[in-house]
file final_36.cif (mmCIF, C-alpha atoms and all ligand atoms)
data_work
#
loop_
_atom_site.label_atom_id
_atom_site.label_comp_id
_atom_site.auth_asym_id
_atom_site.auth_seq_id
_atom_site.Cartn_x
_atom_site.Cartn_y
_atom_site.Cartn_z
CA MET L 1 0.00 0.00 0.00
CA LYS L 2 1.16 3.54 -0.73
CA LYS L 3 2.91 5.21 2.19
CA GLU L 4 0.46 8.09 2.46
CA TYR L 5 -2.51 5.71 2.36
CA LYS L 6 -1.02 3.69 5.22
CA LYS L 7 -0.44 6.87 7.18
CA LEU L 8 -4.00 8.14 6.72
CA LYS L 9 -5.46 4.72 7.56
CA ARG L 10 -3.44 4.70 10.79
CA LEU L 11 -4.53 8.25 11.65
CA ILE L 12 -8.17 7.37 11.07
CA SER L 13 -8.03 4.26 13.20
CA LYS L 14 -6.40 6.21 16.05
CA SER L 15 -8.92 9.08 15.97
CA LYS L 16 -12.27 9.09 17.76
CA ASN L 17 -13.78 12.28 16.38
CA ILE L 18 -13.22 12.94 12.72
CA LEU L 19 -14.37 16.07 10.91
CA ILE L 20 -14.59 16.10 7.12
CA LEU L 21 -14.55 19.46 5.31
CA THR L 22 -14.58 20.53 1.69
CA HIS L 23 -14.30 23.87 -0.09
CA LYS L 24 -16.88 26.61 0.46
CA GLY L 25 -19.79 26.52 -1.99
CA PRO L 26 -19.09 22.84 -2.69
CA ASP L 27 -19.49 21.45 -6.20
CA PHE L 28 -20.54 17.86 -6.89
CA ASP L 29 -16.98 16.57 -6.54
CA GLY L 30 -16.72 18.20 -3.11
CA PHE L 31 -20.02 16.71 -1.95
CA SER L 32 -19.40 13.28 -3.46
CA SER L 33 -15.87 12.82 -2.14
CA ALA L 34 -16.89 14.00 1.35
CA LEU L 35 -20.08 11.93 1.52
CA ILE L 36 -18.39 8.74 0.28
CA LEU L 37 -15.60 9.14 2.83
CA LYS L 38 -18.07 9.93 5.64
CA LYS L 39 -20.42 7.05 4.84
CA VAL L 40 -17.73 4.43 4.34
CA LEU L 41 -15.75 5.38 7.45
CA SER L 42 -18.95 5.38 9.54
CA THR L 43 -19.69 1.84 8.32
CA LEU L 44 -16.13 0.61 8.91
CA TYR L 45 -15.87 2.27 12.33
CA PRO L 46 -19.39 2.44 13.82
CA LYS L 47 -18.05 3.63 17.19
CA LYS L 48 -16.31 6.68 15.84
CA ASN L 49 -17.96 10.06 15.60
CA ILE L 50 -17.56 11.18 12.00
CA LEU L 51 -19.04 14.46 10.78
CA PHE L 52 -19.18 16.17 7.42
CA LYS L 53 -19.91 19.87 7.80
CA THR L 54 -20.55 22.36 5.05
CA ASN L 55 -22.29 25.69 4.54
CA GLN L 56 -24.72 24.80 1.76
CA LEU L 57 -26.71 21.93 0.32
CA PRO L 58 -26.27 20.51 -3.19
CA THR L 59 -28.56 21.91 -5.93
CA GLN L 60 -29.83 18.40 -6.73
CA ASN L 61 -30.87 15.50 -4.54
CA ILE L 62 -27.95 13.13 -4.14
CA PRO L 63 -27.53 9.93 -2.09
CA TYR L 64 -26.76 10.34 1.63
CA MET L 65 -27.58 14.06 1.56
CA GLN L 66 -29.13 13.68 4.99
CA GLU L 67 -25.62 12.98 6.33
CA ILE L 68 -24.60 16.58 5.65
CA GLN L 69 -24.36 18.70 8.77
CA MET L 70 -25.13 22.29 7.85
CA ALA L 71 -23.00 24.90 9.59
CA GLN L 72 -22.71 28.64 9.00
CA LYS L 73 -19.65 28.77 11.23
CA PHE L 74 -17.05 26.07 11.65
CA GLU L 75 -16.16 25.87 15.33
CA THR L 76 -13.49 23.75 16.90
CA GLU L 77 -15.05 21.04 19.07
CA ASN L 78 -13.60 17.71 20.11
CA GLU L 79 -12.19 16.70 16.71
CA ASP L 80 -8.87 14.87 16.74
CA LEU L 81 -8.59 14.57 12.98
CA VAL L 82 -9.73 16.92 10.22
CA ILE L 83 -9.80 15.60 6.65
CA MET L 84 -10.12 18.18 3.87
CA VAL L 85 -11.33 16.80 0.56
CA ASP L 86 -11.18 18.56 -2.83
CA ALA L 87 -9.36 21.42 -1.05
CA GLY L 88 -6.08 22.01 0.73
CA SER L 89 -6.33 25.01 3.03
CA TRP L 90 -8.39 26.76 5.70
CA ASP L 91 -8.91 29.70 3.33
CA ILE L 92 -10.68 27.53 0.80
CA CYS L 93 -12.79 25.67 3.38
CA THR L 94 -13.64 28.23 6.07
CA MET L 95 -14.07 31.94 6.88
CA PRO L 96 -11.21 33.87 8.57
CA ASP L 97 -12.98 34.02 11.96
CA ASP L 98 -14.02 30.33 12.11
CA SER L 99 -12.45 28.90 15.25
CA ILE L 100 -11.81 25.52 13.60
CA ARG L 101 -8.71 27.16 12.12
CA LEU L 102 -7.24 27.07 15.65
CA THR L 103 -7.86 23.36 16.13
CA THR L 104 -5.15 21.24 17.72
CA ALA L 105 -6.31 18.25 15.67
CA LYS L 106 -4.19 16.76 12.92
CA VAL L 107 -5.19 17.91 9.44
CA ALA L 108 -5.01 15.64 6.39
CA VAL L 109 -5.77 16.56 2.77
CA ILE L 110 -7.20 14.45 -0.09
CA ASP L 111 -7.16 16.58 -3.21
CA HIS L 112 -6.54 16.60 -6.96
CA HIS L 113 -5.81 20.29 -7.66
CA ASN L 114 -2.28 21.32 -8.53
CA THR L 115 -2.25 24.11 -5.95
CA ARG L 116 0.06 23.48 -3.02
CA PRO L 117 -1.79 22.75 0.26
CA MET L 118 -1.19 24.84 3.37
CA LYS L 119 1.89 24.09 5.49
CA ASP L 120 0.56 22.75 8.77
CA ILE L 121 -0.94 19.50 7.50
CA VAL L 122 0.28 16.04 8.47
CA LEU L 123 -0.25 14.49 5.05
CA GLU L 124 -1.53 15.12 1.56
CA ILE L 125 -2.93 12.49 -0.76
CA ASN L 126 -2.91 13.92 -4.27
CA GLU L 127 -1.93 11.99 -7.36
CA GLY L 128 -3.50 14.49 -9.77
CA MET L 129 -6.50 12.29 -10.45
CA SER L 130 -9.64 13.43 -12.30
CA SER L 131 -11.41 14.35 -9.11
CA ALA L 132 -11.19 14.19 -5.34
CA THR L 133 -13.87 11.51 -5.64
CA GLU L 134 -11.58 9.24 -7.70
CA GLN L 135 -8.77 9.79 -5.19
CA VAL L 136 -11.03 8.98 -2.21
CA ILE L 137 -12.26 5.75 -3.87
CA ASP L 138 -8.68 4.72 -4.68
CA PHE L 139 -7.68 5.29 -1.05
CA LEU L 140 -10.64 3.31 0.28
CA GLU L 141 -10.03 0.41 -2.14
CA LYS L 142 -6.33 0.13 -1.40
CA ALA L 143 -6.57 0.77 2.33
CA TYR L 144 -9.60 -1.38 3.18
CA GLY L 145 -9.70 -4.01 0.42
CA LYS L 146 -12.77 -6.23 0.52
CA LYS L 147 -14.15 -4.39 3.53
CA PHE L 148 -14.90 -1.45 1.26
CA VAL L 149 -18.08 -2.32 -0.63
CA ILE L 150 -19.27 -0.12 -3.50
CA THR L 151 -23.02 0.01 -2.98
CA LYS L 152 -25.52 1.42 -5.45
CA GLU L 153 -25.49 4.73 -3.56
CA ILE L 154 -21.68 4.94 -3.40
CA SER L 155 -21.50 4.17 -7.13
CA HIS L 156 -24.10 6.88 -7.85
CA LEU L 157 -22.20 9.47 -5.78
CA ALA L 158 -18.85 8.52 -7.31
CA GLN L 159 -20.14 8.94 -10.84
CA ILE L 160 -21.64 12.35 -10.02
CA GLY L 161 -18.27 13.56 -8.72
CA ILE L 162 -16.26 12.18 -11.65
CA VAL L 163 -18.71 13.18 -14.40
CA PHE L 164 -18.93 16.71 -13.00
CA ASP L 165 -15.20 17.31 -12.57
CA THR L 166 -14.22 15.84 -15.94
CA GLY L 167 -16.97 17.73 -17.81
CA ARG L 168 -18.35 14.35 -18.92
CA PHE L 169 -14.83 13.05 -19.71
CA LEU L 170 -14.02 15.95 -22.04
CA PHE L 171 -11.28 17.45 -19.87
CA GLU L 172 -7.69 16.24 -19.93
CA ASN L 173 -7.86 15.16 -16.30
CA THR L 174 -9.70 12.04 -17.53
CA LYS L 175 -7.16 9.21 -17.38
CA PRO L 176 -7.39 5.55 -18.45
CA GLU L 177 -7.80 4.76 -14.73
CA THR L 178 -10.83 7.07 -14.65
CA TYR L 179 -12.51 5.02 -17.38
CA GLU L 180 -11.53 1.81 -15.59
CA LEU L 181 -13.17 3.05 -12.41
CA MET L 182 -16.23 4.20 -14.38
CA ALA L 183 -16.56 0.73 -15.91
CA LYS L 184 -16.58 -0.80 -12.46
CA LEU L 185 -19.03 1.79 -11.09
CA THR L 186 -21.53 1.58 -13.96
CA LYS L 187 -21.79 -2.20 -13.55
CA ILE L 188 -23.21 -1.53 -10.10
CA TYR L 189 -25.40 1.45 -10.95
CA ARG L 190 -25.71 3.57 -14.07
CA LEU L 191 -25.97 7.32 -13.63
CA ASP L 192 -28.27 9.06 -16.12
CA MET L 193 -25.64 11.55 -17.31
CA GLU L 194 -28.02 13.44 -19.56
CA GLU L 195 -30.46 14.08 -16.72
CA PHE L 196 -27.67 14.91 -14.26
CA THR L 197 -26.09 17.46 -16.64
CA TYR L 198 -29.45 18.97 -17.58
CA LYS L 199 -30.32 19.51 -13.91
CA SER L 200 -26.91 20.88 -13.02
CA GLU L 201 -27.07 23.44 -15.84
CA LYS L 202 -30.44 24.91 -14.84
CA PHE L 203 -30.33 28.51 -13.65
CA PRO L 204 -32.56 30.91 -11.71
CA LEU L 205 -34.71 33.46 -13.56
CA GLU L 206 -32.68 36.27 -11.96
CA THR L 207 -29.80 35.25 -14.25
CA LEU L 208 -31.32 36.86 -17.34
CA THR L 209 -30.96 40.62 -16.64
CA PRO L 210 -27.28 40.44 -15.59
CA LEU L 211 -26.69 38.16 -18.59
CA ILE L 212 -28.01 40.88 -20.94
CA LEU L 213 -25.77 43.45 -19.23
CA PHE L 214 -22.67 41.24 -19.39
CA ILE L 215 -23.31 40.75 -23.11
CA LYS L 216 -23.93 44.49 -23.64
CA ASN L 217 -20.66 45.38 -21.90
CA LEU L 218 -18.61 42.75 -23.76
CA ARG L 219 -15.64 44.01 -25.77
CA VAL L 220 -13.28 42.19 -28.12
CA LYS L 221 -9.61 43.11 -28.34
CA ASP L 222 -7.56 41.05 -30.79
CA ASP L 223 -8.22 37.41 -29.89
CA MET L 224 -9.49 38.23 -26.39
CA ALA L 225 -12.99 39.06 -25.13
CA PHE L 226 -13.81 40.65 -21.79
CA THR L 227 -16.81 41.91 -19.92
CA PHE L 228 -17.86 43.27 -16.52
CA LEU L 229 -20.67 44.85 -14.55
CA THR L 230 -20.56 48.35 -13.04
CA ASN L 231 -22.10 49.50 -9.75
CA ASN L 232 -24.59 51.41 -11.85
CA ASP L 233 -25.59 48.24 -13.75
CA ILE L 234 -26.07 46.47 -10.43
CA ASN L 235 -27.96 49.20 -8.57
CA SER L 236 -30.23 50.54 -11.29
CA ASN L 237 -31.36 47.03 -12.22
CA ASN L 238 -31.57 45.71 -8.65
CA LEU L 239 -29.34 42.77 -9.54
CA ILE L 240 -28.93 40.13 -6.85
CA LYS L 241 -25.93 37.95 -6.04
CA ILE L 242 -27.45 34.64 -7.13
CA GLY L 243 -28.38 36.06 -10.55
CA VAL L 244 -25.06 37.86 -11.09
CA ASN L 245 -23.03 34.78 -10.17
CA SER L 246 -25.03 32.48 -12.37
CA ALA L 247 -24.91 34.91 -15.34
CA GLN L 248 -21.15 35.16 -14.84
CA GLN L 249 -20.88 31.35 -14.99
CA PHE L 250 -22.92 31.27 -18.18
CA VAL L 251 -20.86 33.94 -19.95
CA LYS L 252 -17.60 32.36 -18.78
CA ASN L 253 -18.54 28.89 -19.98
CA ASN L 254 -20.57 29.63 -23.11
CA ILE L 255 -19.76 33.06 -24.57
CA LEU L 256 -16.25 34.41 -23.80
CA ARG L 257 -14.24 32.00 -25.97
CA TYR L 258 -17.00 31.19 -28.44
CA ILE L 259 -17.01 34.33 -30.59
CA HIS L 260 -15.32 33.83 -33.98
CA GLY L 261 -11.67 34.89 -33.75
CA VAL L 262 -11.69 34.92 -29.94
CA HIS L 263 -9.70 32.31 -28.00
CA TRP L 264 -9.49 33.64 -24.51
CA GLY L 265 -10.86 36.30 -22.18
CA PHE L 266 -12.00 37.33 -18.75
CA ILE L 267 -15.07 38.41 -16.84
CA VAL L 268 -15.35 40.72 -13.81
CA ARG L 269 -18.12 40.53 -11.21
CA PRO L 270 -18.57 41.93 -7.70
CA SER L 271 -17.06 39.73 -4.98
CA TYR L 272 -20.01 40.13 -2.55
CA ALA L 273 -17.77 38.93 0.29
CA GLU L 274 -16.01 42.28 0.67
CA GLU L 275 -16.56 45.96 -0.11
CA ASN L 276 -14.72 47.25 -3.18
CA ALA L 277 -13.62 43.78 -4.17
CA TRP L 278 -14.16 42.30 -7.62
CA GLN L 279 -13.66 38.78 -8.82
CA VAL L 280 -11.98 38.24 -12.16
CA SER L 281 -12.17 34.85 -13.89
CA LEU L 282 -9.94 34.12 -16.87
CA ARG L 283 -10.45 31.40 -19.44
CA SER L 284 -8.48 30.32 -22.48
CA THR L 285 -8.73 27.72 -25.20
CA LYS L 286 -5.91 25.19 -24.95
CA GLY L 287 -2.68 26.42 -26.51
CA TYR L 288 -3.60 30.12 -26.68
CA GLN L 289 -2.94 32.01 -23.45
CA GLN L 290 -1.59 30.81 -20.13
CA VAL L 291 -4.02 32.73 -17.97
CA ASP L 292 -2.62 31.46 -14.66
CA LYS L 293 0.36 33.78 -15.21
CA ILE L 294 -1.98 36.77 -15.45
CA ALA L 295 -3.97 35.66 -12.39
CA GLU L 296 -0.74 35.25 -10.42
CA LEU L 297 0.31 38.83 -11.25
CA LEU L 298 -3.07 39.91 -9.90
CA GLY L 299 -2.53 37.97 -6.67
CA GLY L 300 -4.62 34.94 -7.64
CA GLY L 301 -3.93 31.61 -9.31
CA GLY L 302 -5.43 28.49 -10.82
CA HIS L 303 -4.90 26.29 -13.83
CA GLN L 304 -3.12 27.09 -17.10
CA TYR L 305 -6.33 27.79 -18.98
CA SER L 306 -8.71 28.57 -16.13
CA SER L 307 -7.75 30.95 -13.34
CA ALA L 308 -9.08 33.67 -11.06
CA ALA L 309 -8.06 36.57 -8.83
CA LYS L 310 -9.60 39.13 -6.51
CA ILE L 311 -9.12 42.80 -7.37
CA VAL L 312 -9.64 45.83 -5.13
CA ALA L 313 -11.32 48.66 -7.05
CA LYS L 314 -14.17 51.12 -6.60
CA ASP L 315 -16.08 49.94 -9.66
CA GLY L 316 -16.22 47.06 -12.14
CA ASP L 317 -14.88 49.10 -15.06
CA GLU L 318 -11.97 50.21 -12.88
CA ALA L 319 -11.23 46.58 -11.94
CA THR L 320 -11.38 45.71 -15.65
CA LYS L 321 -8.81 48.41 -16.40
CA ILE L 322 -6.47 46.92 -13.80
CA VAL L 323 -6.78 43.52 -15.50
CA LEU L 324 -6.19 45.02 -18.95
CA ASP L 325 -3.09 46.87 -17.69
CA THR L 326 -1.71 43.66 -16.24
CA ILE L 327 -2.40 41.78 -19.46
CA SER L 328 -0.65 44.45 -21.54
CA LYS L 329 2.48 43.87 -19.44
CA ILE L 330 2.85 40.23 -20.45
CA VAL L 331 0.84 39.74 -23.63
CA PRO L 332 2.53 41.19 -26.71
CA THR L 333 0.15 43.18 -28.91
MN MN L 401 -12.79 18.69 -7.59
#
call {"tool": "encode", "arguments": {"input": "final_36.cif", "output": "structure tokens", "more": "lines below"}}
Ligand SMILES: [Mn+2]
result
Amino acid sequence: MKKEYKKLKRLISKSKNILILTHKGPDFDGFSSALILKKVLSTLYPKKNILFKTNQLPTQNIPYMQEIQMAQKFETENEDLVIMVDAGSWDICTMPDDSIRLTTAKVAVIDHHNTRPMKDIVLEINEGMSSATEQVIDFLEKAYGKKFVITKEISHLAQIGIVFDTGRFLFENTKPETYELMAKLTKIYRLDMEEFTYKSEKFPLETLTPLILFIKNLRVKDDMAFTFLTNNDINSNNLIKIGVNSAQQFVKNNILRYIHGVHWGFIVRPSYAEENAWQVSLRSTKGYQQVDKIAELLGGGGHQYSSAAKIVAKDGDEATKIVLDTISKIVPT
């Protein structure tokens, strides 16, 4: 067995109270990896107290949802082991004033992102798999052998996590091992991918007005497109967070790179977590622009072709100007 697997197995068996966390605003990989780990460990160790806490529920019904413990604040209690899945730091999982950050418990990470985890963890399991879900399943299989049984529900959850994080196997993170695992999972239960994707792409009605404004504000410069919202757009149209965020997602995923002649771009939206803070998301088509370099210059980070940063500015057009200035420093025109 891999060294890190052995180490985590030993830590789990020594701990009485285990807390599982994932990133804020969890996606289906976050929920699936956490719920599989929680459910399987609770079955293997019925005497242990194992909790999975998060701040919001999934947007679709998924197996074992009732196992989620909702928490607006993450407080330190009696935990002796914290396991972060699909994330590698307190910043990604909790708010600055959550007392869990001061825990004396050991912290372990199971992730698949290529960002480095925070320093004070005892171990990281991350082999760059398709998803945290695939990494959790691999750990459970290797560490517990026949004792780990893939039930219909576990199979369902696992497929949700993998299908979501690989964009239905279109992304490069899909490996031969991912297909091998999928073959095994679908023999037990077959996820209706069409229905799952349809449901996960639905959006609230409040998306439409900010969507029109994002499109109206969109500009094209060479092979790049960008757009933003201003305070005036937001206030005079009474835009709300849920609509703005979902419109931003839509533009980012379906419009920015899809105009003829355009291969990359960015979108600016209000951060909502802080005053005068704006969130910029950058996207590029493979081989065109390494947007992580731009995000890093802006104090953010991410993947080569998908990255983000937070910008301090009074208005969205001002934040956009900051991004454009940064781009002009490294992108030859
Ligand atoms: Mn993930």
call {"tool": "closest_residue", "arguments": {"input": "final_36.cif", "among": "L:Glu124, L:Asp111, L:Asp27, L:Glu206", "to": "Val163 of chain L", "atoms": "only C-alpha atoms"}}
result
L:Asp27
call {"tool": "residues_around", "arguments": {"input": "final_36.cif", "residues": "Thr209 of chain L", "least_positions_apart": "3", "cutoff": "12 Å", "atoms": "only C-alpha atoms", "output": "PyMOL selection string"}}
result
chain L and resi 204-206+212-216+229+233-234+236-240+242-248
call {"tool": "residues_near_ligand", "arguments": {"input": "final_36.cif", "ligand": "ligand MN 401 (chain L)", "cutoff": "8 Å", "atoms": "all atoms listed in the file", "output": "ChimeraX atom specification"}}
result
/L:27-30,86-87,111-113,130-133,161,165
call {"tool": "write_last_selection", "arguments": {"input": "final_36.cif", "atoms": "C-alpha atoms", "output": "PDB file, in the coordinates of the input"}}
result
ATOM      1  CA  ASP L  27     -19.490  21.450  -6.200  1.00  0.00           C
ATOM      2  CA  PHE L  28     -20.540  17.860  -6.890  1.00  0.00           C
ATOM      3  CA  ASP L  29     -16.980  16.570  -6.540  1.00  0.00           C
ATOM      4  CA  GLY L  30     -16.720  18.200  -3.110  1.00  0.00           C
ATOM      5  CA  ASP L  86     -11.180  18.560  -2.830  1.00  0.00           C
ATOM      6  CA  ALA L  87      -9.360  21.420  -1.050  1.00  0.00           C
ATOM      7  CA  ASP L 111      -7.160  16.580  -3.210  1.00  0.00           C
ATOM      8  CA  HIS L 112      -6.540  16.600  -6.960  1.00  0.00           C
ATOM      9  CA  HIS L 113      -5.810  20.290  -7.660  1.00  0.00           C
ATOM     10  CA  SER L 130      -9.640  13.430 -12.300  1.00  0.00           C
ATOM     11  CA  SER L 131     -11.410  14.350  -9.110  1.00  0.00           C
ATOM     12  CA  ALA L 132     -11.190  14.190  -5.340  1.00  0.00           C
ATOM     13  CA  THR L 133     -13.870  11.510  -5.640  1.00  0.00           C
ATOM     14  CA  GLY L 161     -18.270  13.560  -8.720  1.00  0.00           C
ATOM     15  CA  ASP L 165     -15.200  17.310 -12.570  1.00  0.00           C
TER      16      ASP L 165
END
call {"tool": "closest_residue", "arguments": {"input": "final_36.cif", "among": "L:Thr54, L:Gln66, L:Thr103, L:Gln279", "to": "Asp120 of chain L", "atoms": "all atoms listed in the file"}}
result
L:Thr103
call {"tool": "axis_aligned_box", "arguments": {"input": "final_36.cif", "around": "segment 153-160 of chain L", "padding_each_side": "3 Å", "output": "lines of an AutoDock Vina configuration file"}}
result
center_x = -22.2
center_y = 8.3
center_z = -7.1
size_x = 12.6
size_y = 14.2
size_z = 13.4
call {"tool": "closest_residue", "arguments": {"input": "final_36.cif", "among": "L:Trp264, L:Tyr5, L:Trp278, L:Phe52", "to": "Val85 of chain L", "atoms": "only C-alpha atoms"}}
result
L:Phe52
call {"tool": "closest_residue", "arguments": {"input": "final_36.cif", "among": "L:Ile137, L:Ala183, L:Met70, L:Leu8", "to": "Val109 of chain L", "atoms": "all atoms listed in the file"}}
result
L:Leu8
call {"tool": "residues_near_point", "arguments": {"input": "final_36.cif", "point": "(-16.9, 36.8, -35.4)", "cutoff": "12 Å", "atoms": "only C-alpha atoms", "output": "compact mmCIF listing (two decimals) with C-alpha atoms, keeping the file's coordinate frame"}}
result
# COMPACT_ATOMS: atom_id res chain seq x y z
CA VAL L 220 -13.28 42.19 -28.12
CA LYS L 221 -9.61 43.11 -28.34
CA ASP L 222 -7.56 41.05 -30.79
CA ASP L 223 -8.22 37.41 -29.89
CA MET L 224 -9.49 38.23 -26.39
CA ALA L 225 -12.99 39.06 -25.13
CA ILE L 255 -19.76 33.06 -24.57
CA LEU L 256 -16.25 34.41 -23.80
CA ARG L 257 -14.24 32.00 -25.97
CA TYR L 258 -17.00 31.19 -28.44
CA ILE L 259 -17.01 34.33 -30.59
CA HIS L 260 -15.32 33.83 -33.98
CA GLY L 261 -11.67 34.89 -33.75
CA VAL L 262 -11.69 34.92 -29.94
CA HIS L 263 -9.70 32.31 -28.00
call {"tool": "atom_distance", "arguments": {"input": "final_36.cif", "atom1": "atom CA of Asn55 of chain L", "atom2": "atom CA of Ile92 of chain L"}}
result
12.3 Å
call {"tool": "closest_residue", "arguments": {"input": "final_36.cif", "among": "L:Phe196, L:Trp90, L:Phe31, L:Tyr288", "to": "Ala158 of chain L", "atoms": "only C-alpha atoms"}}
result
L:Phe31
call {"tool": "atom_distance", "arguments": {"input": "final_36.cif", "atom1": "atom CA of Ser33 of chain L", "atom2": "atom CA of Gly300 of chain L"}}
result
25.4 Å
call {"tool": "closest_residue", "arguments": {"input": "final_36.cif", "among": "L:Asp98, L:Glu67, L:Glu77, L:Glu296", "to": "Val323 of chain L", "atoms": "only C-alpha atoms"}}
result
L:Glu296
